[in-house]
Amino acid sequence: GRWVEAGALLLAVVALVEFATRSTTPIAYVVFPALIWAALRFGQRGATLAVAVTAVFTVWNVTHYGGAFHFTSITRSVLATQLFIAVATLTTLSLAAAVAERERFAMRLGASRLRLISASDNARRRIEHDLHDGAQLRLTWLAQRLHDSAGTARREPQRAAELLEEAENELQLAIDELRELAHGIHPAVLVDLGLAE
């Protein structure tokens with residue numbers, strides 16, 4: 001499809017520039033829609049080719065004493081031809097450069113988005129790892145320790161206070177670890193709906 005469009009564009013440029021530069025009426029700029037098409041759809045290479053074809057046909061017609069840019073004065077013919085080619089070149093290549101810059105910006109934006117997604121996934125994996133290997137492990141150990149302490153407290157009631165203090169310390173460490181993990185994590189509903197909602 002791209003080759004068909006390129007062929008159609010080339011034919012349009014040739015036909016329009018041939019028609020515009022052979023005519024004695026001032027319609028030379030009718031070729032600009034095709035030049036803009038080349039710049040928008042085919043970038044700098046397509047724009048350069050379209051401008052080159054336009055310049056070749058324009059110069060050919062002027063040197064063969066025909067068209068809108070042929071005047072009795074050679075100086076006027078040369079200046080009018082150069083002005084037309086300069087305007088066509090600057091317009092088309094500037095537009096092609098703007099399109100190329102927009103495409104580069106879109107690519108950088110896409111790459112930035114992928115980096116953000118990757119960073120988010122890495123942060124989620126880190127939090128999962130910290131929960132699994134930190135707080136969850138500590139709470140599991142605490143549950144086992146409380147179970148063992150219950151049996152010890154039945155056998156040796158005088159050690160019950162000591163065992164409960166150790167469990168309290170372990171529970172405080174687990175709470176501190178969870179608080180450290182949760183610090184900076186915003187609830188999804190807060191991020192999506194805002195504080196008012």
# chains A, B, ... in the order shown; residues from 1 in each chain; ligands from 1

call {"tool": "residues_around", "arguments": {"residues": "Gly67 in chain A", "least_positions_apart": "5", "cutoff": "7 Å", "atoms": "only C-alpha atoms", "output": "list in words"}}
result
Thr21, Arg22, Ser23, Thr24, Asn61 and Val62 of chain A

call {"tool": "write_last_selection", "arguments": {"atoms": "N, CA, C and O atoms", "output": "compact mmCIF listing (two decimals), in the first residue's frame"}}
result
# COMPACT_ATOMS: atom_id res chain seq x y z
N THR A 21 3.63 24.61 -14.43
CA THR A 21 4.76 25.36 -15.00
C THR A 21 4.65 25.52 -16.52
O THR A 21 5.38 26.30 -17.10
N ARG A 22 3.77 24.80 -17.16
CA ARG A 22 3.55 24.99 -18.61
C ARG A 22 2.47 26.04 -18.86
O ARG A 22 2.43 26.64 -19.92
N SER A 23 1.62 26.23 -17.89
CA SER A 23 0.52 27.19 -18.05
C SER A 23 1.06 28.62 -17.98
O SER A 23 1.99 28.91 -17.22
N THR A 24 0.46 29.48 -18.73
CA THR A 24 0.88 30.88 -18.69
C THR A 24 0.11 31.65 -17.62
O THR A 24 0.48 32.77 -17.28
N ASN A 61 11.01 23.52 -18.04
CA ASN A 61 10.03 24.32 -18.77
C ASN A 61 10.51 25.75 -18.99
O ASN A 61 10.28 26.34 -20.05
N VAL A 62 11.18 26.32 -18.00
CA VAL A 62 11.68 27.69 -18.16
C VAL A 62 12.79 27.74 -19.21
O VAL A 62 12.83 28.65 -20.04

call {"tool": "select_by_dssp", "arguments": {"residues": "range 9-193 of chain A", "states": "alpha helix (DSSP H)", "output": "PyMOL selection string"}}
result
chain A and resi 9-22+32-63+74-130+136-155+160-182+188-193

call {"tool": "write_last_selection", "arguments": {"atoms": "C-alpha atoms", "output": "short mmCIF file (atom, residue, chain, number, x, y, z; two decimals), in the first residue's frame"}}
result
data_model
loop_
_atom_site.label_atom_id
_atom_site.label_comp_id
_atom_site.auth_asym_id
_atom_site.auth_seq_id
_atom_site.Cartn_x
_atom_site.Cartn_y
_atom_site.Cartn_z
CA LEU A 9 2.18 10.86 -5.11
CA LEU A 10 4.98 10.92 -7.68
CA LEU A 11 2.46 10.93 -10.53
CA ALA A 12 0.51 13.73 -8.83
CA VAL A 13 3.65 15.83 -8.36
CA VAL A 14 4.73 15.32 -11.98
CA ALA A 15 1.26 16.07 -13.36
CA LEU A 16 0.69 19.13 -11.19
CA VAL A 17 4.12 20.65 -11.72
CA GLU A 18 3.94 19.98 -15.46
CA PHE A 19 0.49 21.56 -15.63
CA ALA A 20 1.43 24.48 -13.38
CA THR A 21 4.76 25.36 -15.00
CA ARG A 22 3.55 24.99 -18.61
CA PHE A 32 1.92 22.64 -3.08
CA PRO A 33 -0.80 20.21 -1.88
CA ALA A 34 1.20 17.35 -3.42
CA LEU A 35 4.41 18.66 -1.82
CA ILE A 36 2.65 18.86 1.54
CA TRP A 37 1.36 15.32 1.02
CA ALA A 38 4.93 14.16 0.41
CA ALA A 39 6.19 15.89 3.54
CA LEU A 40 3.42 14.55 5.77
CA ARG A 41 3.35 10.96 4.56
CA PHE A 42 6.93 10.25 3.46
CA GLY A 43 9.03 12.48 5.68
CA GLN A 44 12.24 14.16 4.65
CA ARG A 45 13.15 11.69 1.90
CA GLY A 46 9.77 11.91 0.23
CA ALA A 47 9.75 15.69 0.56
CA THR A 48 13.24 15.94 -0.93
CA LEU A 49 12.28 13.76 -3.89
CA ALA A 50 9.06 15.74 -4.51
CA VAL A 51 10.92 19.06 -4.36
CA ALA A 52 13.65 17.74 -6.67
CA VAL A 53 11.07 16.59 -9.24
CA THR A 54 9.32 19.95 -8.96
CA ALA A 55 12.58 21.84 -9.44
CA VAL A 56 13.65 19.73 -12.43
CA PHE A 57 10.34 20.17 -14.26
CA THR A 58 10.20 23.88 -13.45
CA VAL A 59 13.73 24.53 -14.70
CA TRP A 60 13.12 22.35 -17.78
CA ASN A 61 10.03 24.32 -18.77
CA VAL A 62 11.68 27.69 -18.16
CA THR A 63 14.78 26.74 -20.17
CA ILE A 74 16.16 36.36 -18.49
CA THR A 75 16.87 37.95 -15.12
CA ARG A 76 13.20 38.06 -14.24
CA SER A 77 12.73 34.45 -15.40
CA VAL A 78 15.66 33.26 -13.28
CA LEU A 79 14.52 35.20 -10.21
CA ALA A 80 10.91 34.00 -10.51
CA THR A 81 12.07 30.39 -10.96
CA GLN A 82 14.49 30.60 -8.03
CA LEU A 83 11.83 32.17 -5.81
CA PHE A 84 9.34 29.43 -6.66
CA ILE A 85 11.89 26.67 -6.03
CA ALA A 86 13.06 28.32 -2.79
CA VAL A 87 9.51 28.69 -1.45
CA ALA A 88 8.64 25.12 -2.43
CA THR A 89 11.82 23.78 -0.84
CA LEU A 90 11.57 25.75 2.40
CA THR A 91 7.89 25.00 2.87
CA THR A 92 8.13 21.29 2.12
CA LEU A 93 11.34 20.57 4.01
CA SER A 94 10.25 22.64 7.03
CA LEU A 95 7.02 20.70 7.20
CA ALA A 96 8.92 17.41 6.82
CA ALA A 97 11.27 18.43 9.63
CA ALA A 98 8.33 19.29 11.88
CA VAL A 99 6.73 15.92 11.13
CA ALA A 100 10.01 14.11 11.84
CA GLU A 101 10.39 15.97 15.12
CA ARG A 102 6.82 15.09 16.11
CA GLU A 103 7.50 11.41 15.33
CA ARG A 104 10.70 11.46 17.39
CA PHE A 105 8.79 13.07 20.26
CA ALA A 106 6.10 10.38 20.01
CA MET A 107 8.77 7.67 20.08
CA ARG A 108 10.45 9.23 23.12
CA LEU A 109 7.07 9.54 24.81
CA GLY A 110 6.36 5.86 24.12
CA ALA A 111 9.77 4.87 25.47
CA SER A 112 9.19 7.02 28.56
CA ARG A 113 5.84 5.34 29.09
CA LEU A 114 7.47 1.92 28.86
CA ARG A 115 10.11 3.00 31.40
CA LEU A 116 7.37 4.17 33.79
CA ILE A 117 5.50 0.89 33.42
CA SER A 118 8.73 -1.02 34.00
CA ALA A 119 9.55 1.08 37.08
CA SER A 120 6.05 0.51 38.42
CA ASP A 121 6.37 -3.24 37.91
CA ASN A 122 9.79 -3.24 39.58
CA ALA A 123 8.43 -1.28 42.55
CA ARG A 124 5.50 -3.70 42.86
CA ARG A 125 7.87 -6.69 42.77
CA ARG A 126 10.10 -5.06 45.39
CA ILE A 127 7.11 -4.46 47.67
CA GLU A 128 5.93 -8.05 47.18
CA HIS A 129 9.43 -9.29 48.00
CA ASP A 130 9.68 -7.05 51.07
CA GLN A 136 5.08 -11.85 56.51
CA LEU A 137 8.05 -13.89 57.69
CA ARG A 138 8.23 -11.93 60.94
CA LEU A 139 4.47 -12.36 61.58
CA THR A 140 4.64 -16.08 60.82
CA TRP A 141 7.57 -16.42 63.23
CA LEU A 142 5.61 -14.39 65.82
CA ALA A 143 2.56 -16.67 65.49
CA GLN A 144 4.78 -19.73 66.02
CA ARG A 145 6.53 -18.03 68.94
CA LEU A 146 3.17 -17.19 70.59
CA HIS A 147 2.06 -20.79 70.12
CA ASP A 148 5.25 -22.06 71.75
CA SER A 149 4.99 -19.41 74.49
CA ALA A 150 1.47 -20.56 75.37
CA GLY A 151 2.81 -24.05 76.10
CA THR A 152 5.75 -22.66 78.07
CA ALA A 153 3.45 -20.35 80.08
CA ARG A 154 1.34 -23.34 81.14
CA ARG A 155 4.39 -25.23 82.35
CA ALA A 160 4.64 -15.72 80.93
CA ALA A 161 5.36 -12.00 81.35
CA GLU A 162 8.82 -12.37 79.81
CA LEU A 163 7.43 -14.31 76.81
CA LEU A 164 4.64 -11.76 76.26
CA GLU A 165 7.18 -8.91 76.32
CA GLU A 166 9.28 -10.68 73.65
CA ALA A 167 6.14 -11.20 71.54
CA GLU A 168 5.22 -7.54 71.97
CA ASN A 169 8.70 -6.48 70.79
CA GLU A 170 8.46 -8.76 67.76
CA LEU A 171 4.98 -7.44 66.97
CA GLN A 172 6.26 -3.85 67.22
CA LEU A 173 9.08 -4.70 64.76
CA ALA A 174 6.56 -6.20 62.35
CA ILE A 175 4.36 -3.09 62.61
CA ASP A 176 7.39 -0.86 61.99
CA GLU A 177 8.34 -2.90 58.90
CA LEU A 178 4.79 -2.67 57.54
CA ARG A 179 4.69 1.08 58.24
CA GLU A 180 8.00 1.54 56.41
CA LEU A 181 6.67 -0.46 53.44
CA ALA A 182 3.40 1.45 53.36
CA ALA A 188 -5.36 3.71 44.31
CA VAL A 189 -8.74 5.30 45.06
CA LEU A 190 -6.96 8.48 46.21
CA VAL A 191 -4.87 8.61 43.04
CA ASP A 192 -7.85 7.88 40.75
CA LEU A 193 -10.62 9.95 42.37
#

call {"tool": "atom_distance", "arguments": {"atom1": "CA of Glu5 in chain A", "atom2": "CA of Val30 in chain A"}}
result
19.4 Å

call {"tool": "atom_distance", "arguments": {"atom1": "CA of Ile27 in chain A", "atom2": "CA of Phe71 in chain A"}}
result
15.4 Å
